[in-house]
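**Q** Contents of final.cif (mmCIF, C-alpha atoms and all ligand atoms) are below:
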```cif
data_my_file
#
loop_
_atom_site.group_PDB
_atom_site.id
_atom_site.type_symbol
_atom_site.label_atom_id
_atom_site.label_comp_id
_atom_site.auth_asym_id
_atom_site.auth_seq_id
_atom_site.Cartn_x
_atom_site.Cartn_y
_atom_site.Cartn_z
ATOM 1 C CA MET A 992 -175.253 11.755 173.317
ATOM 2 C CA ILE A 993 -174.690 9.081 170.690
ATOM 3 C CA VAL A 994 -172.005 6.776 172.039
ATOM 4 C CA ALA A 995 -170.362 3.996 170.036
ATOM 5 C CA ILE A 996 -168.920 1.130 172.064
ATOM 6 C CA ALA A 997 -166.059 -0.118 169.923
ATOM 7 C CA ASN A 998 -162.919 -2.220 169.970
ATOM 8 C CA GLN A 999 -162.113 -4.573 167.118
ATOM 9 C CA LYS A 1000 -160.748 -7.106 169.572
ATOM 10 C CA GLY A 1001 -163.317 -9.798 170.295
ATOM 11 C CA GLY A 1002 -164.750 -10.618 173.702
ATOM 12 C CA VAL A 1003 -163.508 -7.543 175.555
ATOM 13 C CA GLY A 1004 -166.861 -6.530 177.059
ATOM 14 C CA LYS A 1005 -168.371 -4.306 174.357
ATOM 15 C CA THR A 1006 -171.802 -5.906 174.524
ATOM 16 C CA THR A 1007 -171.875 -6.177 178.306
ATOM 17 C CA THR A 1008 -170.933 -2.502 178.507
ATOM 18 C CA ALA A 1009 -173.442 -1.419 175.827
ATOM 19 C CA VAL A 1010 -176.328 -3.315 177.440
ATOM 20 C CA ASN A 1011 -175.699 -2.184 181.005
ATOM 21 C CA LEU A 1012 -174.692 1.391 180.194
ATOM 22 C CA ALA A 1013 -177.862 1.739 178.106
ATOM 23 C CA ALA A 1014 -179.932 0.303 180.976
ATOM 24 C CA ALA A 1015 -178.266 2.644 183.482
ATOM 25 C CA LEU A 1016 -178.939 5.671 181.257
ATOM 26 C CA ALA A 1017 -182.584 4.599 180.859
ATOM 27 C CA MET A 1018 -182.906 4.216 184.631
ATOM 28 C CA ARG A 1019 -182.112 7.906 184.936
ATOM 29 C CA GLY A 1020 -185.464 8.493 183.265
ATOM 30 C CA ARG A 1021 -184.380 9.626 179.789
ATOM 31 C CA LYS A 1022 -185.465 7.796 176.651
ATOM 32 C CA THR A 1023 -182.564 5.628 175.530
ATOM 33 C CA LEU A 1024 -182.000 3.554 172.393
ATOM 34 C CA LEU A 1025 -179.583 0.645 172.115
ATOM 35 C CA ILE A 1026 -178.561 -0.043 168.510
ATOM 36 C CA ASP A 1027 -177.144 -3.503 167.839
ATOM 37 C CA LEU A 1028 -174.708 -3.344 164.918
ATOM 38 C CA ASP A 1029 -173.176 -6.769 165.482
ATOM 39 C CA PRO A 1030 -174.336 -9.701 163.302
ATOM 40 C CA GLN A 1031 -173.816 -11.920 166.392
ATOM 41 C CA ALA A 1032 -176.830 -10.035 167.863
ATOM 42 C CA ASN A 1033 -175.621 -10.556 171.424
ATOM 43 C CA SER A 1034 -177.065 -7.334 172.809
ATOM 44 C CA SER A 1035 -180.405 -8.005 171.079
ATOM 45 C CA ILE A 1036 -180.592 -11.466 172.590
ATOM 46 C CA SER A 1037 -179.757 -9.971 175.985
ATOM 47 C CA PHE A 1038 -183.293 -8.500 175.966
ATOM 48 C CA LEU A 1039 -185.347 -10.217 173.220
ATOM 49 C CA GLU A 1040 -186.086 -13.750 172.030
ATOM 50 C CA HIS A 1041 -184.741 -14.587 168.549
ATOM 51 C CA GLY A 1042 -188.272 -15.230 167.309
ATOM 52 C CA VAL A 1043 -189.483 -11.678 167.853
ATOM 53 C CA ILE A 1044 -186.777 -10.097 165.704
ATOM 54 C CA ALA A 1045 -188.406 -9.815 162.282
ATOM 55 C CA ARG A 1046 -186.725 -6.670 161.000
ATOM 56 C CA SER A 1047 -183.277 -5.624 162.054
ATOM 57 C CA THR A 1048 -180.672 -2.907 161.744
ATOM 58 C CA TYR A 1049 -179.716 -4.592 158.464
ATOM 59 C CA ASP A 1050 -183.059 -3.622 156.942
ATOM 60 C CA ALA A 1051 -182.850 -0.071 158.288
ATOM 61 C CA ILE A 1052 -179.337 0.471 156.930
ATOM 62 C CA ALA A 1053 -179.683 -1.424 153.635
ATOM 63 C CA GLU A 1054 -183.155 -0.304 152.532
ATOM 64 C CA THR A 1055 -184.052 3.300 151.876
ATOM 65 C CA GLY A 1056 -187.711 2.461 152.506
ATOM 66 C CA CYS A 1057 -187.078 1.095 156.021
ATOM 67 C CA SER A 1058 -186.466 3.466 158.912
ATOM 68 C CA LEU A 1059 -184.936 2.737 162.304
ATOM 69 C CA ALA A 1060 -188.366 3.395 163.792
ATOM 70 C CA ASP A 1061 -189.640 0.437 161.737
ATOM 71 C CA VAL A 1062 -187.241 -1.986 163.468
ATOM 72 C CA ILE A 1063 -187.165 -0.539 167.002
ATOM 73 C CA GLN A 1064 -188.753 -2.597 169.792
ATOM 74 C CA ALA A 1065 -189.319 -1.931 173.470
ATOM 75 C CA THR A 1066 -187.176 -3.851 175.971
ATOM 76 C CA PRO A 1067 -188.325 -4.981 179.430
ATOM 77 C CA VAL A 1068 -186.327 -2.033 180.834
ATOM 78 C CA PRO A 1069 -188.489 1.108 181.192
ATOM 79 C CA ASN A 1070 -187.298 3.922 178.866
ATOM 80 C CA LEU A 1071 -185.045 1.552 176.918
ATOM 81 C CA ASP A 1072 -185.752 0.605 173.303
ATOM 82 C CA ILE A 1073 -183.601 -1.511 171.023
ATOM 83 C CA ALA A 1074 -182.889 -1.621 167.303
ATOM 84 C CA PRO A 1075 -182.018 -5.317 167.138
ATOM 85 C CA ALA A 1076 -179.571 -7.129 164.869
ATOM 86 C CA ARG A 1077 -179.726 -10.395 162.977
ATOM 87 C CA ILE A 1078 -177.057 -12.551 161.430
ATOM 88 C CA GLY A 1079 -177.955 -11.122 157.998
ATOM 89 C CA LEU A 1080 -176.171 -7.930 159.025
ATOM 90 C CA ALA A 1081 -172.960 -9.729 158.040
ATOM 91 C CA LYS A 1082 -174.005 -9.298 154.395
ATOM 92 C CA LEU A 1083 -174.243 -5.519 154.671
ATOM 93 C CA GLU A 1084 -170.747 -4.802 153.446
ATOM 94 C CA ALA A 1085 -171.349 -6.734 150.214
ATOM 95 C CA ARG A 1086 -174.774 -5.122 149.828
ATOM 96 C CA LEU A 1087 -173.406 -1.579 150.005
ATOM 97 C CA VAL A 1088 -170.404 -2.008 147.699
ATOM 98 C CA GLY A 1089 -170.251 0.967 145.361
ATOM 99 C CA GLU A 1090 -172.860 2.997 147.273
ATOM 100 C CA LEU A 1091 -171.426 6.494 147.744
ATOM 101 C CA ASP A 1092 -173.177 7.021 151.064
ATOM 102 C CA ALA A 1093 -172.226 3.611 152.509
ATOM 103 C CA HIS A 1094 -170.507 5.151 155.564
ATOM 104 C CA PHE A 1095 -173.346 7.579 156.285
ATOM 105 C CA ARG A 1096 -176.294 5.220 156.273
ATOM 106 C CA LEU A 1097 -176.652 4.850 160.034
ATOM 107 C CA LYS A 1098 -176.125 8.563 160.670
ATOM 108 C CA ASP A 1099 -178.886 9.440 158.191
ATOM 109 C CA LYS A 1100 -181.286 6.949 159.765
ATOM 110 C CA ILE A 1101 -180.544 8.250 163.276
ATOM 111 C CA ASN A 1102 -181.194 11.801 162.073
ATOM 112 C CA GLN A 1103 -184.650 10.698 160.929
ATOM 113 C CA LEU A 1104 -185.488 9.821 164.555
ATOM 114 C CA ASP A 1105 -185.688 13.572 165.198
ATOM 115 C CA GLY A 1106 -184.192 13.571 168.676
ATOM 116 C CA ARG A 1107 -186.724 11.108 170.028
ATOM 117 C CA TYR A 1108 -183.975 9.641 172.238
ATOM 118 C CA ALA A 1109 -181.860 11.516 174.762
ATOM 119 C CA HIS A 1110 -179.171 8.861 174.535
ATOM 120 C CA ILE A 1111 -178.207 6.344 171.887
ATOM 121 C CA VAL A 1112 -175.739 3.533 172.623
ATOM 122 C CA ILE A 1113 -174.307 1.575 169.676
ATOM 123 C CA ASP A 1114 -172.874 -1.919 170.189
ATOM 124 C CA CYS A 1115 -170.223 -2.555 167.497
ATOM 125 C CA PRO A 1116 -168.951 -5.862 166.112
ATOM 126 C CA PRO A 1117 -165.349 -6.998 166.722
ATOM 127 C CA ALA A 1118 -164.015 -5.555 163.441
ATOM 128 C CA LEU A 1119 -163.065 -2.214 161.941
ATOM 129 C CA GLY A 1120 -165.191 -2.676 158.826
ATOM 130 C CA LEU A 1121 -168.154 -0.801 157.402
ATOM 131 C CA LEU A 1122 -170.427 -1.407 160.408
ATOM 132 C CA THR A 1123 -168.034 0.050 162.978
ATOM 133 C CA VAL A 1124 -167.230 2.950 160.629
ATOM 134 C CA ASN A 1125 -170.983 3.655 160.305
ATOM 135 C CA ALA A 1126 -171.143 3.803 164.108
ATOM 136 C CA LEU A 1127 -168.114 6.121 164.352
ATOM 137 C CA VAL A 1128 -169.547 8.434 161.691
ATOM 138 C CA ALA A 1129 -172.915 8.613 163.479
ATOM 139 C CA ALA A 1130 -171.539 8.955 167.025
ATOM 140 C CA THR A 1131 -170.826 12.039 169.077
ATOM 141 C CA HIS A 1132 -168.683 9.973 171.461
ATOM 142 C CA LEU A 1133 -166.663 6.786 171.505
ATOM 143 C CA LEU A 1134 -166.201 4.503 174.497
ATOM 144 C CA ILE A 1135 -163.505 1.835 174.279
ATOM 145 C CA PRO A 1136 -163.721 -1.197 176.566
ATOM 146 C CA ILE A 1137 -160.340 -2.823 177.135
ATOM 147 C CA GLN A 1138 -160.150 -6.220 178.775
ATOM 148 C CA SER A 1139 -157.788 -6.552 181.680
ATOM 149 C CA SER A 1140 -155.558 -9.152 180.017
ATOM 150 C CA TYR A 1141 -151.966 -9.576 178.960
ATOM 151 C CA PHE A 1142 -152.950 -8.840 175.349
ATOM 152 C CA ALA A 1143 -155.086 -5.855 176.311
ATOM 153 C CA LEU A 1144 -153.424 -3.253 174.149
ATOM 154 C CA GLU A 1145 -153.005 -5.380 171.050
ATOM 155 C CA GLY A 1146 -154.769 -3.733 168.124
ATOM 156 C CA THR A 1147 -155.516 -0.421 169.826
ATOM 157 C CA ASP A 1148 -153.149 1.316 167.340
ATOM 158 C CA ASP A 1149 -155.385 0.221 164.473
ATOM 159 C CA LEU A 1150 -158.462 1.415 166.338
ATOM 160 C CA LEU A 1151 -156.904 4.830 167.022
ATOM 161 C CA GLU A 1152 -155.857 5.098 163.371
ATOM 162 C CA THR A 1153 -159.437 4.428 162.243
ATOM 163 C CA ILE A 1154 -160.724 7.045 164.704
ATOM 164 C CA GLU A 1155 -158.275 9.598 163.286
ATOM 165 C CA LYS A 1156 -159.423 8.864 159.720
ATOM 166 C CA VAL A 1157 -163.059 9.301 160.719
ATOM 167 C CA ARG A 1158 -162.197 12.558 162.443
ATOM 168 C CA GLN A 1159 -160.315 13.927 159.434
ATOM 169 C CA ARG A 1160 -163.314 13.738 157.127
ATOM 170 C CA PRO A 1161 -166.737 12.420 157.933
ATOM 171 C CA ASN A 1162 -166.975 13.212 161.667
ATOM 172 C CA PRO A 1163 -164.524 15.841 162.976
ATOM 173 C CA GLY A 1164 -166.621 16.229 166.134
ATOM 174 C CA LEU A 1165 -166.117 12.638 167.327
ATOM 175 C CA ARG A 1166 -164.758 12.634 170.873
ATOM 176 C CA ILE A 1167 -163.131 9.835 172.808
ATOM 177 C CA LEU A 1168 -165.305 9.670 175.884
ATOM 178 C CA GLY A 1169 -162.992 7.230 177.578
ATOM 179 C CA VAL A 1170 -161.466 3.827 178.004
ATOM 180 C CA VAL A 1171 -163.016 1.416 180.474
ATOM 181 C CA ILE A 1172 -161.080 -1.525 181.848
ATOM 182 C CA THR A 1173 -163.273 -4.638 181.985
ATOM 183 C CA MET A 1174 -163.090 -8.076 183.598
ATOM 184 C CA HIS A 1175 -160.555 -6.801 186.091
ATOM 185 C CA ASP A 1176 -159.389 -9.070 188.897
ATOM 186 C CA LYS A 1177 -157.902 -6.696 191.426
ATOM 187 C CA ARG A 1178 -156.355 -9.506 193.485
ATOM 188 C CA THR A 1179 -153.685 -10.254 190.910
ATOM 189 C CA ALA A 1180 -150.441 -8.363 190.418
ATOM 190 C CA LEU A 1181 -150.735 -8.918 186.670
ATOM 191 C CA ALA A 1182 -154.079 -7.088 186.579
ATOM 192 C CA ARG A 1183 -152.498 -4.152 188.415
ATOM 193 C CA ASP A 1184 -149.594 -4.089 185.929
ATOM 194 C CA ILE A 1185 -152.025 -4.161 183.018
ATOM 195 C CA ARG A 1186 -153.997 -1.284 184.522
ATOM 196 C CA ASP A 1187 -150.792 0.773 184.831
ATOM 197 C CA GLN A 1188 -149.910 -0.058 181.245
ATOM 198 C CA ILE A 1189 -153.337 1.009 179.924
ATOM 199 C CA GLN A 1190 -153.052 4.193 182.006
ATOM 200 C CA LYS A 1191 -149.666 4.944 180.448
ATOM 201 C CA VAL A 1192 -151.103 4.737 176.942
ATOM 202 C CA PHE A 1193 -154.468 6.458 177.514
ATOM 203 C CA GLY A 1194 -153.742 8.692 180.543
ATOM 204 C CA GLY A 1195 -156.738 10.700 181.720
ATOM 205 C CA LYS A 1196 -158.995 8.999 179.188
ATOM 206 C CA VAL A 1197 -159.143 5.911 181.415
ATOM 207 C CA PHE A 1198 -162.280 5.940 183.564
ATOM 208 C CA ARG A 1199 -161.781 5.805 187.340
ATOM 209 C CA THR A 1200 -164.432 3.111 187.345
ATOM 210 C CA VAL A 1201 -163.026 -0.316 186.611
ATOM 211 C CA ILE A 1202 -165.434 -3.161 185.806
ATOM 212 C CA ALA A 1203 -164.543 -6.137 187.982
ATOM 213 C CA LYS A 1204 -164.807 -9.716 186.841
ATOM 214 C CA SER A 1205 -168.274 -10.847 187.884
ATOM 215 C CA VAL A 1206 -170.150 -14.057 187.169
ATOM 216 C CA ARG A 1207 -173.429 -12.148 187.570
ATOM 217 C CA LEU A 1208 -172.569 -10.053 184.495
ATOM 218 C CA GLU A 1209 -172.126 -13.241 182.479
ATOM 219 C CA GLU A 1210 -175.416 -14.678 183.697
ATOM 220 C CA SER A 1211 -177.828 -11.764 183.295
ATOM 221 C CA PRO A 1212 -178.289 -11.955 179.465
ATOM 222 C CA ALA A 1213 -179.593 -15.528 179.795
ATOM 223 C CA TYR A 1214 -182.459 -14.121 181.888
ATOM 224 C CA LYS A 1215 -183.110 -11.210 179.479
ATOM 225 C CA GLU A 1216 -182.289 -8.722 182.192
ATOM 226 C CA SER A 1217 -179.757 -5.986 182.762
ATOM 227 C CA ILE A 1218 -177.494 -6.376 185.771
ATOM 228 C CA PHE A 1219 -179.586 -3.780 187.645
ATOM 229 C CA THR A 1220 -182.636 -6.012 187.977
ATOM 230 C CA PHE A 1221 -180.875 -9.390 187.764
ATOM 231 C CA ALA A 1222 -178.393 -8.748 190.571
ATOM 232 C CA PRO A 1223 -178.833 -5.199 191.885
ATOM 233 C CA ASP A 1224 -176.463 -5.748 194.806
ATOM 234 C CA SER A 1225 -173.665 -7.299 192.762
ATOM 235 C CA ALA A 1226 -170.308 -5.695 192.042
ATOM 236 C CA GLY A 1227 -171.301 -5.630 188.376
ATOM 237 C CA ALA A 1228 -174.326 -3.429 189.105
ATOM 238 C CA THR A 1229 -172.266 -1.060 191.273
ATOM 239 C CA ASP A 1230 -169.528 -0.838 188.644
ATOM 240 C CA TYR A 1231 -171.826 -0.126 185.703
ATOM 241 C CA TYR A 1232 -173.850 2.377 187.749
ATOM 242 C CA SER A 1233 -170.660 4.212 188.588
ATOM 243 C CA LEU A 1234 -169.452 4.057 184.951
ATOM 244 C CA CYS A 1235 -172.740 5.665 183.891
ATOM 245 C CA GLU A 1236 -172.289 8.462 186.437
ATOM 246 C CA GLU A 1237 -168.791 9.110 185.116
ATOM 247 C CA VAL A 1238 -170.016 9.078 181.517
ATOM 248 C CA ILE A 1239 -172.674 11.704 182.324
ATOM 249 C CA GLU A 1240 -170.120 13.749 184.255
ATOM 250 C CA ARG A 1241 -167.695 13.782 181.312
ATOM 251 C CA VAL A 1242 -170.362 14.585 178.732
ATOM 252 C CA GLU A 1243 -171.747 17.429 180.844
ATOM 253 C CA ALA A 1244 -168.315 18.814 181.664
ATOM 254 C CA ARG A 1245 -167.412 18.476 177.981
ATOM 255 C CA THR A 1246 -164.079 17.031 179.035
ATOM 256 C CA ALA A 1247 -164.436 14.147 176.624
HETATM 257 P P1 LIG B 1 -167.622 -9.629 170.813
HETATM 258 O O1 LIG B 1 -166.356 -9.015 170.339
HETATM 259 O O2 LIG B 1 -167.738 -11.088 170.489
HETATM 260 O O3 LIG B 1 -168.830 -8.846 170.436
HETATM 261 P P2 LIG B 1 -167.735 -8.298 173.334
HETATM 262 O O4 LIG B 1 -166.553 -7.408 173.223
HETATM 263 O O5 LIG B 1 -169.050 -7.736 173.046
HETATM 264 O O6 LIG B 1 -167.529 -9.606 172.429
HETATM 265 P P3 LIG B 1 -168.902 -9.407 175.713
HETATM 266 O O7 LIG B 1 -169.805 -10.276 174.909
HETATM 267 O O8 LIG B 1 -169.500 -8.267 176.430
HETATM 268 O O9 LIG B 1 -167.694 -8.929 174.792
HETATM 269 O O10 LIG B 1 -168.098 -10.266 176.770
HETATM 270 C C1 LIG B 1 -167.412 -11.457 176.402
HETATM 271 C C2 LIG B 1 -167.731 -12.545 177.439
HETATM 272 O O11 LIG B 1 -167.222 -12.133 178.715
HETATM 273 C C3 LIG B 1 -169.210 -12.784 177.635
HETATM 274 O O12 LIG B 1 -169.413 -14.127 177.922
HETATM 275 C C4 LIG B 1 -169.557 -11.923 178.846
HETATM 276 O O13 LIG B 1 -170.658 -12.428 179.565
HETATM 277 C C5 LIG B 1 -168.282 -12.010 179.651
HETATM 278 N N1 LIG B 1 -168.058 -10.797 180.455
HETATM 279 C C6 LIG B 1 -168.114 -9.508 180.047
HETATM 280 N N2 LIG B 1 -167.803 -8.674 181.050
HETATM 281 C C7 LIG B 1 -167.559 -9.452 182.140
HETATM 282 C C8 LIG B 1 -167.183 -9.190 183.493
HETATM 283 N N3 LIG B 1 -166.998 -7.949 183.932
HETATM 284 N N4 LIG B 1 -167.012 -10.242 184.313
HETATM 285 C C9 LIG B 1 -167.184 -11.516 183.878
HETATM 286 N N5 LIG B 1 -167.530 -11.822 182.622
HETATM 287 C C10 LIG B 1 -167.712 -10.819 181.742
HETATM 288 MG MG MG B 2 -170.367 -8.089 171.462
#
```
Just give me the structure as structure tokens.
Ligand code: ATP
Ligand code: MG
**A**
Amino acid sequence: MIVAIANQKGGVGKTTTAVNLAAALAMRGRKTLLIDLDPQANSSISFLEHGVIARSTYDAIAETGCSLADVIQATPVPNLDIAPARIGLAKLEARLVGELDAHFRLKDKINQLDGRYAHIVIDCPPALGLLTVNALVAATHLLIPIQSSYFALEGTDDLLETIEKVRQRPNPGLRILGVVITMHDKRTALARDIRDQIQKVFGGKVFRTVIAKSVRLEESPAYKESIFTFAPDSAGATDYYSLCEEVIERVEARTA
């Protein structure tokens, strides 16, 4: 499975979901790769120090002579490797202007890995530009985190339109694995209304698992840990474990 975690809205939980879903998949004992496609490099910094990131996904995508294997590093999580990002990734769009294969770069580089990873999780930036399109072209599945907020569904039309375009040509096999509601506060009536609203739009695509608001999830990146070692008994750990189970279930049942 190659799963892109995308939503062009900022701060909805893409990185938190990418990091902890990747860690949960790795904990099941299969080799897993987390690819950071966001110039903000938040998922990279969740596991690595800035100083150790010499080559990044920018180099692998921009340079024909650089492979993903050249930039991949191990994380402290067993079975989990990362292709880290750096701020320079923001220049990629300008760098690839006029290149006919601009949308296929990541897919080609993933293909060169020759199935070394059972699962690949791609953390996308908050935009629908070339980087997110590269992820959607390379992915077998898409997972959309939606924040439990009054503005939750703003912009999802544009996201769905982009998905349709990608499906028409470069990647007809792309499946929507599901929508996960994040930062949910089940005590409030508003949060319940928002959940109903998201359910109305996405129906059965919405995961049963809802990610609750949890301070532990905010803290764990500062300690370079996933939620499963940082706070194994927290709601965040339980929620992301259960999301991972549901993801596997859907992929295996081919219902996505
Ligand atoms: P961006 O669009 O900037 O890449 P993002 O969609 O990747 O953002 P995150 O970075 O995962 O979003 O989350 C935004 C902020 O909310 C972060 O500070 C993160 O720690 C926090 N956060 C994410 N999920 C939760 C949660 N379930 N409970 C509490 N805080 C959360
Ligand atoms: Mg992010």
**Q** Between chain A and ligand MG 2 (chain B), at 6 Å or less, what are the per-residue closest atom pairs and their distances in Å? Count all atoms listed in the file, order by chain and rising residue number, and return it as a Markdown table.
**A**
```
| residue | atom | partner | partner_atom | distance |
| --- | --- | --- | --- | --- |
| A:Lys1005 | CA | B:MG2 | MG | 5.2 |
| A:Thr1006 | CA | B:MG2 | MG | 4.0 |
| A:Asn1033 | CA | B:MG2 | MG | 5.8 |
| A:Pro1116 | CA | B:MG2 | MG | 6.0 |
```
**Q** Identify, counting only C-alpha atoms and all ligand atoms, the protein, DNA and RNA residues located within 6 Å of ligand LIG 1 (chain B), and give them as a list of chain:residue names.
**A**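 If we count only C-alpha atoms and all ligand atoms, the neighbours of ligand LIG 1 (chain B) turn out to be A:Lys1000, A:Gly1001, A:Gly1002, A:Val1003, A:Gly1004, A:Lys1005, A:Thr1006, A:Thr1007, A:Pro1116, A:Pro1117, A:Thr1173, A:Met1174, A:Ile1202, A:Ala1203, A:Lys1204, A:Ser1205, A:Val1206, A:Leu1208, A:Glu1209.
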**Q** Anything within 12 Å of (-180.5, 8.9, 171.4): list those residues as a short mmCIF file (atom, residue, chain, number, x, y, z; two decimals) with C-alpha atoms, in the coordinates of the input, counting all atoms listed in the file and sticking to the file's coordinates.
**A**
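The file below, selection-v7.cif, is the result:
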```cif
data_model
loop_
_atom_site.label_atom_id
_atom_site.label_comp_id
_atom_site.auth_asym_id
_atom_site.auth_seq_id
_atom_site.Cartn_x
_atom_site.Cartn_y
_atom_site.Cartn_z
CA MET A 992 -175.25 11.76 173.32
CA ILE A 993 -174.69 9.08 170.69
CA VAL A 994 -172.00 6.78 172.04
CA ALA A 995 -170.36 4.00 170.04
CA ALA A 1013 -177.86 1.74 178.11
CA LEU A 1016 -178.94 5.67 181.26
CA ALA A 1017 -182.58 4.60 180.86
CA ARG A 1021 -184.38 9.63 179.79
CA LYS A 1022 -185.46 7.80 176.65
CA THR A 1023 -182.56 5.63 175.53
CA LEU A 1024 -182.00 3.55 172.39
CA LEU A 1025 -179.58 0.64 172.12
CA ILE A 1026 -178.56 -0.04 168.51
CA LEU A 1059 -184.94 2.74 162.30
CA ASN A 1070 -187.30 3.92 178.87
CA LEU A 1071 -185.04 1.55 176.92
CA ASP A 1072 -185.75 0.60 173.30
CA ILE A 1073 -183.60 -1.51 171.02
CA ALA A 1074 -182.89 -1.62 167.30
CA LYS A 1098 -176.12 8.56 160.67
CA LYS A 1100 -181.29 6.95 159.76
CA ILE A 1101 -180.54 8.25 163.28
CA ASN A 1102 -181.19 11.80 162.07
CA GLN A 1103 -184.65 10.70 160.93
CA LEU A 1104 -185.49 9.82 164.56
CA ASP A 1105 -185.69 13.57 165.20
CA GLY A 1106 -184.19 13.57 168.68
CA ARG A 1107 -186.72 11.11 170.03
CA TYR A 1108 -183.98 9.64 172.24
CA ALA A 1109 -181.86 11.52 174.76
CA HIS A 1110 -179.17 8.86 174.54
CA ILE A 1111 -178.21 6.34 171.89
CA VAL A 1112 -175.74 3.53 172.62
CA ILE A 1113 -174.31 1.58 169.68
CA ALA A 1129 -172.92 8.61 163.48
CA ALA A 1130 -171.54 8.96 167.02
CA THR A 1131 -170.83 12.04 169.08
CA HIS A 1132 -168.68 9.97 171.46
#
```
**Q** Between CA of Thr1123 (chain A) and CA of Leu1144 (chain A), what is the spacing in Å?
**A** 18.7 Å
**Q** Which residues are close to Val1062 (chain A), i.e. within 10 Å by all atoms listed in the file, leaving aside same-chain residues fewer than 4 positions away? Reply as a list in words.
**A**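 The filter keeps Ile1044, Ala1045, Arg1046, Ser1047, Thr1048, Tyr1049, Asp1050, Ala1051, Cys1057, Ser1058, Ile1073, Ala1074, Pro1075 and Ala1076 of chain A.
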**Q** Applied to the shown file, which residues does the PyMOL selection byres (((chain A and resi 1222-1239) around 7) and not hetatm) return, written as a PyMOL selection string?
**A** chain A and resi 1011-1012+1015-1016+1200-1203+1205+1207-1208+1218-1221+1240-1243
**Q** Under the rule that only C-alpha atoms are counted, which of A:Asn1162, A:Ser1139, A:Ser1217, A:Thr1147 is the nearest residue to His1094 (chain A)?
**A**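 Distance minimum relative to His1094 (chain A) lands on A:Asn1162.
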**Q** I need the residue nearest Asp1092 (chain A) from this list: A:Val1124, A:Gln999, A:Pro1069, A:Ile1036. Use only C-alpha atoms for the distance.
**A**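 Nearest to Asp1092 (chain A): A:Val1124.
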**Q** Counting all atoms listed in the file, which residue out of A:Leu1119, A:Ile1135, A:Val1171, A:Met1018 sits closest to Asp1149 (chain A)?
**A**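 Closest to Asp1149 (chain A), using all atoms listed in the file: A:Leu1119.
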**Q** What does the distance between CA of Val1010 (chain A) and CA of Pro1212 (chain A) come to in Å, to one decimal place?
**A**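 Taking CA of Val1010 (chain A) and CA of Pro1212 (chain A), their separation equals 9.1 Å.
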**Q** Quick one, how far is CA of Glu1054 (chain A) from CA of Ala1093 (chain A)?
**A**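 Between CA of Glu1054 (chain A) and CA of Ala1093 (chain A) the gap works out to 11.6 Å.
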**Q** Please enclose the listed atoms of region 1202-1205 of chain A in an axis-aligned box, pad each side by 8 Å, and write out the centre and the three edge lengths in Å, rounded to one decimal, as AutoDock Vina command-line options.
**A**
```
--center_x -166.4 --center_y -7.0 --center_z 186.9 --size_x 19.7 --size_y 23.7 --size_z 18.2
```
**Q** Assuming the chain letters and numbering stay as they are in my file, what does the PyMOL selection byres (((chain A and resi 1084) around 10) and not hetatm) actually select? List them as an NGL selection string.
**A** :A and (1053 or 1080-1083 or 1085-1089 or 1093 or 1120-1122)
**Q** Show me as a list in words the residues that reach within 9 Å of (-160.0, 7.5, 179.2), counting only C-alpha atoms and using the file's own coordinates.
**A**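 The answer, in the requested form, is Leu1134, Ile1135, Ile1167, Leu1168, Gly1169, Val1170, Val1171, Gln1190, Phe1193, Gly1194, Gly1195, Lys1196, Val1197, Phe1198, Arg1199 and Ala1247 of chain A.
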**Q** For the file shown, report as a list in words the outcome of the PyMOL selection byres (((chain A and resi 1028) around 6) and not hetatm) at residue level.
**A**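 After applying the PyMOL selection byres (((chain A and resi 1028) around 6) and not hetatm), what remains is Asp1027, Asp1029, Asp1114 and Cys1115 of chain A.
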**Q** Could you check which of A:Ser1140, A:Ser1037, A:Asn998, A:Thr1008 is closest to Ala1126 (chain A), using all atoms listed in the file?
**A**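 That would be A:Asn998, the residue with the smallest distance to Ala1126 (chain A).
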**Q** Nearest to Pro1136 (chain A): which of A:Ala1213, A:Ile996, A:Ile1154, A:Leu1097 is it, counting only C-alpha atoms?
**A**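 With only C-alpha atoms as the atom set, the closest residue is A:Ile996.
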